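Coordinates from query-v5.pdb are shown below (PDB, C-alpha atoms and all ligand atoms).
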ATOM      1  CA  MET A   1      30.268  18.126  35.109
ATOM      2  CA  LYS A   2      26.733  17.765  33.803
ATOM      3  CA  GLY A   3      25.716  20.794  31.756
ATOM      4  CA  GLU A   4      29.253  22.105  31.401
ATOM      5  CA  ALA A   5      31.216  22.131  28.192
ATOM      6  CA  ARG A   6      32.953  18.870  27.495
ATOM      7  CA  ARG A   7      35.121  17.809  24.604
ATOM      8  CA  TYR A   8      35.280  14.308  23.210
ATOM      9  CA  ILE A   9      37.748  14.384  20.341
ATOM     10  CA  ILE A  10      38.483  11.256  18.319
ATOM     11  CA  LEU A  11      41.808  10.871  16.535
ATOM     12  CA  PHE A  12      41.738   8.659  13.447
ATOM     13  CA  GLY A  13      44.638   7.525  11.333
ATOM     14  CA  ALA A  14      46.375   4.281  10.464
ATOM     15  CA  GLN A  15      48.979   2.776  12.762
ATOM     16  CA  GLY A  16      51.998   5.084  12.630
ATOM     17  CA  SER A  17      50.069   8.166  11.479
ATOM     18  CA  GLY A  18      50.986   9.962  14.716
ATOM     19  CA  LYS A  19      47.806   9.658  16.800
ATOM     20  CA  GLY A  20      49.625   8.869  20.031
ATOM     21  CA  THR A  21      52.222  11.582  19.475
ATOM     22  CA  GLN A  22      49.508  14.165  18.770
ATOM     23  CA  ALA A  23      47.191  12.989  21.561
ATOM     24  CA  ARG A  24      49.974  13.626  24.080
ATOM     25  CA  LEU A  25      50.389  17.183  22.806
ATOM     26  CA  LEU A  26      46.623  17.777  22.762
ATOM     27  CA  GLN A  27      46.057  16.560  26.308
ATOM     28  CA  ASP A  28      48.569  19.124  27.531
ATOM     29  CA  ARG A  29      46.960  21.825  25.343
ATOM     30  CA  PHE A  30      43.314  21.166  26.265
ATOM     31  CA  GLY A  31      43.581  19.699  29.762
ATOM     32  CA  ILE A  32      41.712  16.499  28.964
ATOM     33  CA  PRO A  33      43.379  13.082  29.053
ATOM     34  CA  GLN A  34      44.454  10.891  26.173
ATOM     35  CA  VAL A  35      42.468   7.665  26.285
ATOM     36  CA  ALA A  36      44.331   5.153  24.138
ATOM     37  CA  THR A  37      42.790   1.691  24.063
ATOM     38  CA  GLY A  38      46.085   0.108  22.953
ATOM     39  CA  ASP A  39      47.845   1.649  25.986
ATOM     40  CA  LEU A  40      45.040   0.496  28.300
ATOM     41  CA  PHE A  41      45.333  -3.058  26.977
ATOM     42  CA  ARG A  42      49.136  -2.972  27.325
ATOM     43  CA  ASP A  43      48.801  -1.709  30.924
ATOM     44  CA  ASN A  44      46.487  -4.629  31.666
ATOM     45  CA  LEU A  45      48.966  -7.036  30.081
ATOM     46  CA  LYS A  46      51.786  -5.657  32.208
ATOM     47  CA  GLU A  47      49.696  -5.879  35.384
ATOM     48  CA  GLN A  48      48.554  -9.375  34.371
ATOM     49  CA  THR A  49      44.888  -8.617  34.994
ATOM     50  CA  ASP A  50      42.133 -10.933  33.738
ATOM     51  CA  LEU A  51      41.432  -8.381  31.016
ATOM     52  CA  GLY A  52      45.097  -8.396  29.990
ATOM     53  CA  ARG A  53      45.238 -12.199  29.850
ATOM     54  CA  MET A  54      42.108 -12.206  27.744
ATOM     55  CA  ALA A  55      43.377  -9.549  25.297
ATOM     56  CA  LYS A  56      46.883 -10.983  24.879
ATOM     57  CA  ALA A  57      46.228 -13.466  22.075
ATOM     58  CA  TYR A  58      44.314 -10.923  20.000
ATOM     59  CA  MET A  59      47.030  -8.314  20.415
ATOM     60  CA  GLU A  60      49.753 -10.757  19.435
ATOM     61  CA  ARG A  61      47.885 -11.600  16.255
ATOM     62  CA  GLY A  62      47.257  -7.920  15.506
ATOM     63  CA  GLU A  63      43.500  -8.516  15.707
ATOM     64  CA  LEU A  64      40.861  -6.468  17.484
ATOM     65  CA  VAL A  65      39.923  -7.474  21.006
ATOM     66  CA  PRO A  66      36.154  -8.268  21.143
ATOM     67  CA  ASP A  67      33.934  -5.184  21.222
ATOM     68  CA  GLU A  68      32.111  -5.891  24.513
ATOM     69  CA  VAL A  69      35.420  -6.091  26.359
ATOM     70  CA  THR A  70      36.784  -2.968  24.686
ATOM     71  CA  ASN A  71      33.607  -0.911  25.166
ATOM     72  CA  ALA A  72      33.412  -1.798  28.862
ATOM     73  CA  MET A  73      37.058  -0.857  29.360
ATOM     74  CA  VAL A  74      36.516   2.535  27.658
ATOM     75  CA  GLN A  75      33.353   3.229  29.652
ATOM     76  CA  GLU A  76      35.217   2.579  32.880
ATOM     77  CA  ARG A  77      38.109   4.840  31.794
ATOM     78  CA  LEU A  78      35.844   7.722  30.724
ATOM     79  CA  SER A  79      34.011   7.527  34.050
ATOM     80  CA  ARG A  80      37.110   8.413  36.059
ATOM     81  CA  PRO A  81      37.447  11.874  37.643
ATOM     82  CA  ASP A  82      40.203  13.101  35.315
ATOM     83  CA  ALA A  83      37.973  12.552  32.263
ATOM     84  CA  GLN A  84      34.951  14.543  33.458
ATOM     85  CA  ALA A  85      35.704  17.394  31.031
ATOM     86  CA  GLY A  86      36.129  14.982  28.135
ATOM     87  CA  ALA A  87      38.926  13.021  26.497
ATOM     88  CA  ILE A  88      41.071  12.568  23.443
ATOM     89  CA  LEU A  89      40.244   9.145  22.089
ATOM     90  CA  ASP A  90      43.145   7.423  20.390
ATOM     91  CA  GLY A  91      42.544   4.013  18.818
ATOM     92  CA  TYR A  92      38.840   3.929  19.637
ATOM     93  CA  PRO A  93      36.288   3.505  18.078
ATOM     94  CA  ARG A  94      37.787   1.134  15.514
ATOM     95  CA  ASN A  95      34.609  -0.283  13.944
ATOM     96  CA  LEU A  96      30.986   0.807  13.548
ATOM     97  CA  ASN A  97      29.830  -1.313  16.436
ATOM     98  CA  GLN A  98      32.225   0.531  18.764
ATOM     99  CA  ALA A  99      31.214   3.904  17.267
ATOM    100  CA  ARG A 100      27.575   3.206  18.101
ATOM    101  CA  ALA A 101      28.490   2.018  21.581
ATOM    102  CA  LEU A 102      30.428   5.253  22.129
ATOM    103  CA  ASP A 103      27.435   7.344  20.997
ATOM    104  CA  GLU A 104      25.210   5.523  23.465
ATOM    105  CA  MET A 105      27.717   5.813  26.261
ATOM    106  CA  LEU A 106      28.116   9.581  25.772
ATOM    107  CA  ALA A 107      24.369  10.127  25.277
ATOM    108  CA  GLY A 108      23.857   8.447  28.659
ATOM    109  CA  TRP A 109      26.032  11.213  30.135
ATOM    110  CA  GLY A 110      24.264  13.966  28.149
ATOM    111  CA  ALA A 111      27.337  14.374  25.932
ATOM    112  CA  GLN A 112      28.400  13.591  22.392
ATOM    113  CA  VAL A 113      31.428  13.313  20.137
ATOM    114  CA  THR A 114      32.473  16.905  19.484
ATOM    115  CA  GLN A 115      34.936  16.266  16.671
ATOM    116  CA  ALA A 116      36.841  13.640  14.746
ATOM    117  CA  ILE A 117      40.275  14.304  13.275
ATOM    118  CA  TYR A 118      41.643  12.112  10.505
ATOM    119  CA  ILE A 119      45.438  12.195  10.190
ATOM    120  CA  GLU A 120      46.284  11.073   6.661
ATOM    121  CA  VAL A 121      49.668   9.463   5.883
ATOM    122  CA  SER A 122      50.870   7.336   2.932
ATOM    123  CA  GLU A 123      51.597   3.648   3.462
ATOM    124  CA  ALA A 124      55.325   3.977   2.663
ATOM    125  CA  GLU A 125      55.679   6.616   5.392
ATOM    126  CA  LEU A 126      53.641   4.501   7.866
ATOM    127  CA  LEU A 127      56.098   1.618   7.464
ATOM    128  CA  ARG A 128      59.108   3.918   8.007
ATOM    129  CA  ARG A 129      57.528   5.258  11.174
ATOM    130  CA  LEU A 130      56.410   1.948  12.662
ATOM    131  CA  THR A 131      59.708   0.157  12.166
ATOM    132  CA  GLY A 132      61.565   2.984  13.968
ATOM    133  CA  ARG A 133      59.034   3.531  16.755
ATOM    134  CA  ARG A 134      60.160   3.194  20.376
ATOM    135  CA  VAL A 135      57.836   3.415  23.397
ATOM    136  CA  CYS A 136      58.466   4.253  27.060
ATOM    137  CA  ARG A 137      57.799   1.278  29.290
ATOM    138  CA  GLU A 138      56.727   3.547  32.158
ATOM    139  CA  CYS A 139      54.615   6.342  30.612
ATOM    140  CA  GLN A 140      53.993   5.058  27.038
ATOM    141  CA  ALA A 141      55.393   8.199  25.380
ATOM    142  CA  THR A 142      56.444   7.411  21.795
ATOM    143  CA  TYR A 143      59.688   8.248  20.025
ATOM    144  CA  HIS A 144      61.275   7.483  16.676
ATOM    145  CA  VAL A 145      64.920   6.505  16.314
ATOM    146  CA  VAL A 146      65.344   8.969  13.416
ATOM    147  CA  PHE A 147      62.329  11.332  13.274
ATOM    148  CA  ASN A 148      61.854  11.978  16.997
ATOM    149  CA  PRO A 149      64.791  10.582  18.995
ATOM    150  CA  PRO A 150      65.011  10.985  22.781
ATOM    151  CA  GLN A 151      67.814  13.209  24.104
ATOM    152  CA  GLN A 152      69.573  10.204  25.581
ATOM    153  CA  GLU A 153      69.473   6.951  23.652
ATOM    154  CA  ALA A 154      66.764   4.517  24.828
ATOM    155  CA  VAL A 155      65.731   6.757  27.782
ATOM    156  CA  CYS A 156      62.400   8.616  28.009
ATOM    157  CA  ASP A 157      62.689  12.450  28.027
ATOM    158  CA  ARG A 158      59.505  12.758  30.059
ATOM    159  CA  CYS A 159      60.058  10.302  32.883
ATOM    160  CA  GLY A 160      63.490   8.681  32.495
ATOM    161  CA  GLY A 161      61.904   5.268  31.858
ATOM    162  CA  PRO A 162      63.448   2.701  29.488
ATOM    163  CA  LEU A 163      62.358   2.696  25.836
ATOM    164  CA  TYR A 164      61.484  -0.522  24.032
ATOM    165  CA  GLN A 165      60.223  -1.707  20.675
ATOM    166  CA  ARG A 166      56.732  -3.215  20.705
ATOM    167  CA  ASP A 167      56.659  -6.857  19.564
ATOM    168  CA  ASP A 168      53.931  -6.048  17.046
ATOM    169  CA  ASP A 169      56.192  -3.359  15.526
ATOM    170  CA  LYS A 170      58.995  -5.917  15.011
ATOM    171  CA  ASP A 171      56.895  -8.291  13.028
ATOM    172  CA  GLU A 172      56.182  -7.058   9.512
ATOM    173  CA  ALA A 173      53.415  -9.610   9.021
ATOM    174  CA  ALA A 174      51.659  -8.267  12.112
ATOM    175  CA  ILE A 175      52.105  -4.684  10.890
ATOM    176  CA  ARG A 176      50.516  -5.539   7.543
ATOM    177  CA  ARG A 177      47.648  -7.339   9.244
ATOM    178  CA  ARG A 178      46.972  -4.325  11.454
ATOM    179  CA  LEU A 179      46.994  -1.996   8.429
ATOM    180  CA  GLU A 180      44.623  -4.320   6.587
ATOM    181  CA  ILE A 181      42.186  -4.484   9.509
ATOM    182  CA  TYR A 182      42.396  -0.731   9.766
ATOM    183  CA  MET A 183      41.368  -0.338   6.103
ATOM    184  CA  GLN A 184      38.497  -2.805   6.432
ATOM    185  CA  GLU A 185      37.048  -1.781   9.755
ATOM    186  CA  THR A 186      38.068   1.776  10.512
ATOM    187  CA  LEU A 187      37.571   3.554   7.171
ATOM    188  CA  PRO A 188      33.770   3.029   7.416
ATOM    189  CA  VAL A 189      33.899   4.593  10.903
ATOM    190  CA  ILE A 190      35.683   7.641   9.510
ATOM    191  CA  ASP A 191      32.880   7.944   6.934
ATOM    192  CA  TYR A 192      30.318   7.704   9.726
ATOM    193  CA  TYR A 193      31.715  10.904  11.283
ATOM    194  CA  ARG A 194      32.277  12.560   7.895
ATOM    195  CA  GLN A 195      28.587  12.114   7.092
ATOM    196  CA  ARG A 196      27.682  13.808  10.351
ATOM    197  CA  GLY A 197      29.882  16.804   9.516
ATOM    198  CA  LEU A 198      32.236  16.131  12.429
ATOM    199  CA  LEU A 199      35.360  15.173  10.489
ATOM    200  CA  SER A 200      38.441  17.288   9.780
ATOM    201  CA  THR A 201      41.145  15.737   7.612
ATOM    202  CA  ILE A 202      44.737  16.759   8.335
ATOM    203  CA  ASP A 203      47.855  16.126   6.223
ATOM    204  CA  GLY A 204      49.944  13.951   8.550
ATOM    205  CA  GLU A 205      53.164  14.025   6.524
ATOM    206  CA  ALA A 206      54.410  17.325   7.872
ATOM    207  CA  SER A 207      56.579  17.675  10.996
ATOM    208  CA  ILE A 208      55.114  16.791  14.403
ATOM    209  CA  GLU A 209      54.829  20.524  15.234
ATOM    210  CA  GLU A 210      53.140  21.404  11.941
ATOM    211  CA  VAL A 211      50.633  18.574  12.259
ATOM    212  CA  ASN A 212      49.903  19.729  15.800
ATOM    213  CA  ARG A 213      49.279  23.306  14.674
ATOM    214  CA  ALA A 214      46.876  22.093  11.979
ATOM    215  CA  ILE A 215      44.920  19.963  14.468
ATOM    216  CA  VAL A 216      44.707  22.733  17.061
ATOM    217  CA  ALA A 217      43.495  25.149  14.361
ATOM    218  CA  ALA A 218      40.815  22.644  13.391
ATOM    219  CA  ILE A 219      39.484  22.040  16.894
ATOM    220  CA  VAL A 220      39.947  25.216  18.806
ATOM    221  CA  ASP A 221      36.417  26.553  18.312
ATOM    222  CA  ARG A 222      34.479  23.346  18.440
ATOM    223  CA  ARG A 223      33.689  22.920  22.125
ATOM    224  CA  THR A 224      29.995  22.166  22.627
ATOM    225  CA  PRO A 225      27.962  21.705  25.785
TER     226      PRO A 225
HETATM  227  P1  LIG B 301      48.024  -0.118  16.616
HETATM  228  O1  LIG B 301      47.241   1.129  16.396
HETATM  229  O2  LIG B 301      49.464   0.009  16.258
HETATM  230  O3  LIG B 301      47.350  -1.359  16.127
HETATM  231  P2  LIG B 301      47.313   0.077  19.392
HETATM  232  O4  LIG B 301      48.297   0.450  20.414
HETATM  233  O5  LIG B 301      46.252   1.055  19.044
HETATM  234  O6  LIG B 301      48.162  -0.336  18.144
HETATM  235  O7  LIG B 301      46.617  -1.294  19.758
HETATM  236  C1  LIG B 301      47.357  -2.449  20.059
HETATM  237  C2  LIG B 301      46.406  -3.635  20.052
HETATM  238  O8  LIG B 301      45.387  -3.452  21.058
HETATM  239  C3  LIG B 301      45.635  -3.807  18.751
HETATM  240  O9  LIG B 301      46.346  -4.562  17.807
HETATM  241  C4  LIG B 301      44.373  -4.555  19.240
HETATM  242  O10 LIG B 301      44.645  -5.921  19.483
HETATM  243  C5  LIG B 301      44.125  -3.896  20.591
HETATM  244  N1  LIG B 301      43.213  -2.734  20.450
HETATM  245  C6  LIG B 301      43.522  -1.412  20.544
HETATM  246  N2  LIG B 301      42.433  -0.637  20.365
HETATM  247  C7  LIG B 301      41.396  -1.476  20.154
HETATM  248  C8  LIG B 301      40.002  -1.294  19.889
HETATM  249  N3  LIG B 301      39.440  -0.061  19.803
HETATM  250  N4  LIG B 301      39.243  -2.412  19.717
HETATM  251  C9  LIG B 301      39.773  -3.626  19.798
HETATM  252  N5  LIG B 301      41.067  -3.876  20.022
HETATM  253  C10 LIG B 301      41.881  -2.827  20.204
HETATM  254  P1  LIG B 302      50.074   6.009  16.119
HETATM  255  O1  LIG B 302      49.682   6.286  17.541
HETATM  256  O2  LIG B 302      49.126   6.641  15.134
HETATM  257  O3  LIG B 302      50.311   4.563  15.831
HETATM  258  P2  LIG B 302      52.623   7.235  16.880
HETATM  259  O4  LIG B 302      52.238   8.536  17.486
HETATM  260  O5  LIG B 302      53.048   6.142  17.766
HETATM  261  O6  LIG B 302      51.457   6.737  15.869
HETATM  262  O7  LIG B 302      53.772   7.543  15.811
HETATM  263  C1  LIG B 302      54.406   6.490  15.073
HETATM  264  C2  LIG B 302      55.904   6.783  14.936
HETATM  265  O8  LIG B 302      56.114   7.884  14.053
HETATM  266  C3  LIG B 302      56.575   7.150  16.246
HETATM  267  O9  LIG B 302      57.868   6.594  16.212
HETATM  268  C4  LIG B 302      56.610   8.683  16.217
HETATM  269  O10 LIG B 302      57.716   9.199  16.954
HETATM  270  C5  LIG B 302      56.775   8.975  14.729
HETATM  271  N1  LIG B 302      56.060  10.197  14.298
HETATM  272  C6  LIG B 302      54.872  10.680  14.743
HETATM  273  N2  LIG B 302      54.525  11.807  14.079
HETATM  274  C7  LIG B 302      55.512  12.050  13.169
HETATM  275  C8  LIG B 302      55.737  13.070  12.173
HETATM  276  N3  LIG B 302      54.863  14.072  11.978
HETATM  277  N4  LIG B 302      56.864  12.971  11.436
HETATM  278  C9  LIG B 302      57.742  11.948  11.628
HETATM  279  N5  LIG B 302      57.599  10.975  12.542
HETATM  280  C10 LIG B 302      56.494  11.013  13.319
HETATM  281 ZN    ZN B 303      58.302   7.855  29.953
END
Translate this file's structure into structure tokens.
Ligand code: ADP
Ligand code: ADP
Ligand code: ZN
Amino acid sequence: MKGEARRYIILFGAQGSGKGTQARLLQDRFGIPQVATGDLFRDNLKEQTDLGRMAKAYMERGELVPDEVTNAMVQERLSRPDAQAGAILDGYPRNLNQARALDEMLAGWGAQVTQAIYIEVSEAELLRRLTGRRVCRECQATYHVVFNPPQQEAVCDRCGGPLYQRDDDKDEAAIRRRLEIYMQETLPVIDYYRQRGLLSTIDGEASIEEVNRAIVAAIVDRRTP
């Protein structure tokens, strides 16, 4: 799709801020896929690939998988046919090194980051959301036992797959470690996009629908060649 309009939208926000939930809605709205590094790593774990085996220990500790591995995985994903018009990046880039790698990757394709969205949510609300989060084992759709329950308990509305609770959502120590890493490593990345005038900050404590409306309003006119 060289020369045609492409959108590369980055979603920022701490764990539990609603990135995955919103990315799913945005991919339907804009016709570009959600590319979630956490989901890609979990797929590799499930399929027991070399990449999955390598990432496992980091994921269990709530630490970042090394950048070279992560960047290569993202490059491969963004090269696939369904991502030729762009993507909604969820969980990537998570540090400045990854942000620079993404810039280089896109520049190599004659593209660039079109917009970054920062979904802001208080820590108390993040903990409520993460402890009640449930994920579909088949399609990775996310639910919440109270805030966004499936129609039938423990069954995915989208695909009928079984819902489960991620191990790293069960362990409060792991949750805190992930939030801490997020503060240390990802806030500087958010600033990196703010300084380039690409950042929109959205209040993430409204309903899923309201947050979605605010994000769509922020990005609708930002497509660039
Ligand atoms: P969370 O946002 O709740 O930490 P994710 O689903 O985004 O969960 O990621 C799960 C795990 O996958 C992370 O704890 C980390 O080990 C790994 N991971 C995800 N994205 C990245 C990334 N951009 N760089 C390095 N590791 C990542
Ligand atoms: P992230 O991808 O940023 O970690 P998720 O999209 O997985 O976040 O959302 C975390 C949890 O919070 C999920 O259980 C989800 O159903 C719930 N959730 C998402 N957005 C909202 C919202 N606006 N209000 C209440 N709960 C929400
Ligand atoms: Zn499903």
Tell me, as a compact mmCIF listing (two decimals) with C-alpha atoms, in the frame of the given file, which residues lie within 12 Å of Met183 in chain A, counting all atoms listed in the file; anything in the same chain fewer than 4 positions away does not count.
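Dumped everything to result_29.txt:
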# COMPACT_ATOMS: atom_id res chain seq x y z
CA PHE A 12 41.74 8.66 13.45
CA GLY A 13 44.64 7.52 11.33
CA ALA A 14 46.38 4.28 10.46
CA GLN A 15 48.98 2.78 12.76
CA ARG A 94 37.79 1.13 15.51
CA ASN A 95 34.61 -0.28 13.94
CA GLU A 123 51.60 3.65 3.46
CA ARG A 176 50.52 -5.54 7.54
CA ARG A 177 47.65 -7.34 9.24
CA ARG A 178 46.97 -4.32 11.45
CA LEU A 179 46.99 -2.00 8.43
CA LEU A 187 37.57 3.55 7.17
CA PRO A 188 33.77 3.03 7.42
CA VAL A 189 33.90 4.59 10.90
CA ILE A 190 35.68 7.64 9.51
CA ASP A 191 32.88 7.94 6.93
Query - Neighbourhood of ligand LIG 301 (chain B) at 8 Å, counting all atoms listed in the file, reported as a PyMOL selection string - result: chain A and resi 14-16+36-39+41-42+55-56+58-67+70-71+90-95+98+168-169+175+178-179
Query raised in the report: Rounded to one decimal in Å, what is the spacing between CA of Arg129 in chain A and atom C6 of ligand LIG 302 (chain B)?
Result: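 Those two atoms sit 7.0 Å apart.
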Requested in this report: For ligand ZN 303 (chain B), collect every residue having any atom at a distance of at most 12 Å from a ligand atom (counting all atoms listed in the file); output as an MDAnalysis selection string.
Outcome: chainID A and resid 24 134:143 150 154:164
Calculate, to one decimal in Å, the centre and edge lengths of the box along x, y and z of the file that holds all listed atoms of range 102-111 of chain A with 6 Å of margin on each side, and present them as AutoDock Vina command-line options.
--center_x 27.1 --center_y 9.8 --center_z 25.6 --size_x 18.6 --size_y 21.1 --size_z 21.1
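Closest to ligand LIG 302 (chain B) among A:Val69, A:Ala206, A:Ala116, A:Ala174 is A:Ala206, based on only C-alpha atoms and all ligand atoms.
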Query raised in the report: Using all atoms listed in the file, which residue out of A:Leu89, A:Thr21, A:Arg6, A:Leu40 lies closest to His144 in chain A?
Result: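 Smallest separation from His144 in chain A among the options: A:Thr21.
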**Report entry** Atom pair CA of Tyr192 in chain A / CA of Phe30 in chain A: separation (Å)
**Finding:**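 These two atoms are separated by 25.0 Å.
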Requested in this report: Given the file shown, determine the residues that the PyMOL selection byres (((chain A and resi 208) around 10) and not hetatm) selects; report them as a list of chain:residue names.
Outcome: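 Against this file, the PyMOL selection byres (((chain A and resi 208) around 10) and not hetatm) returns the residues A:Gly18, A:Thr21, A:Gln22, A:Leu25, A:Phe147, A:Asn148, A:Gly204, A:Glu205, A:Ala206, A:Ser207, A:Glu209, A:Glu210, A:Val211, A:Asn212, A:Arg213.
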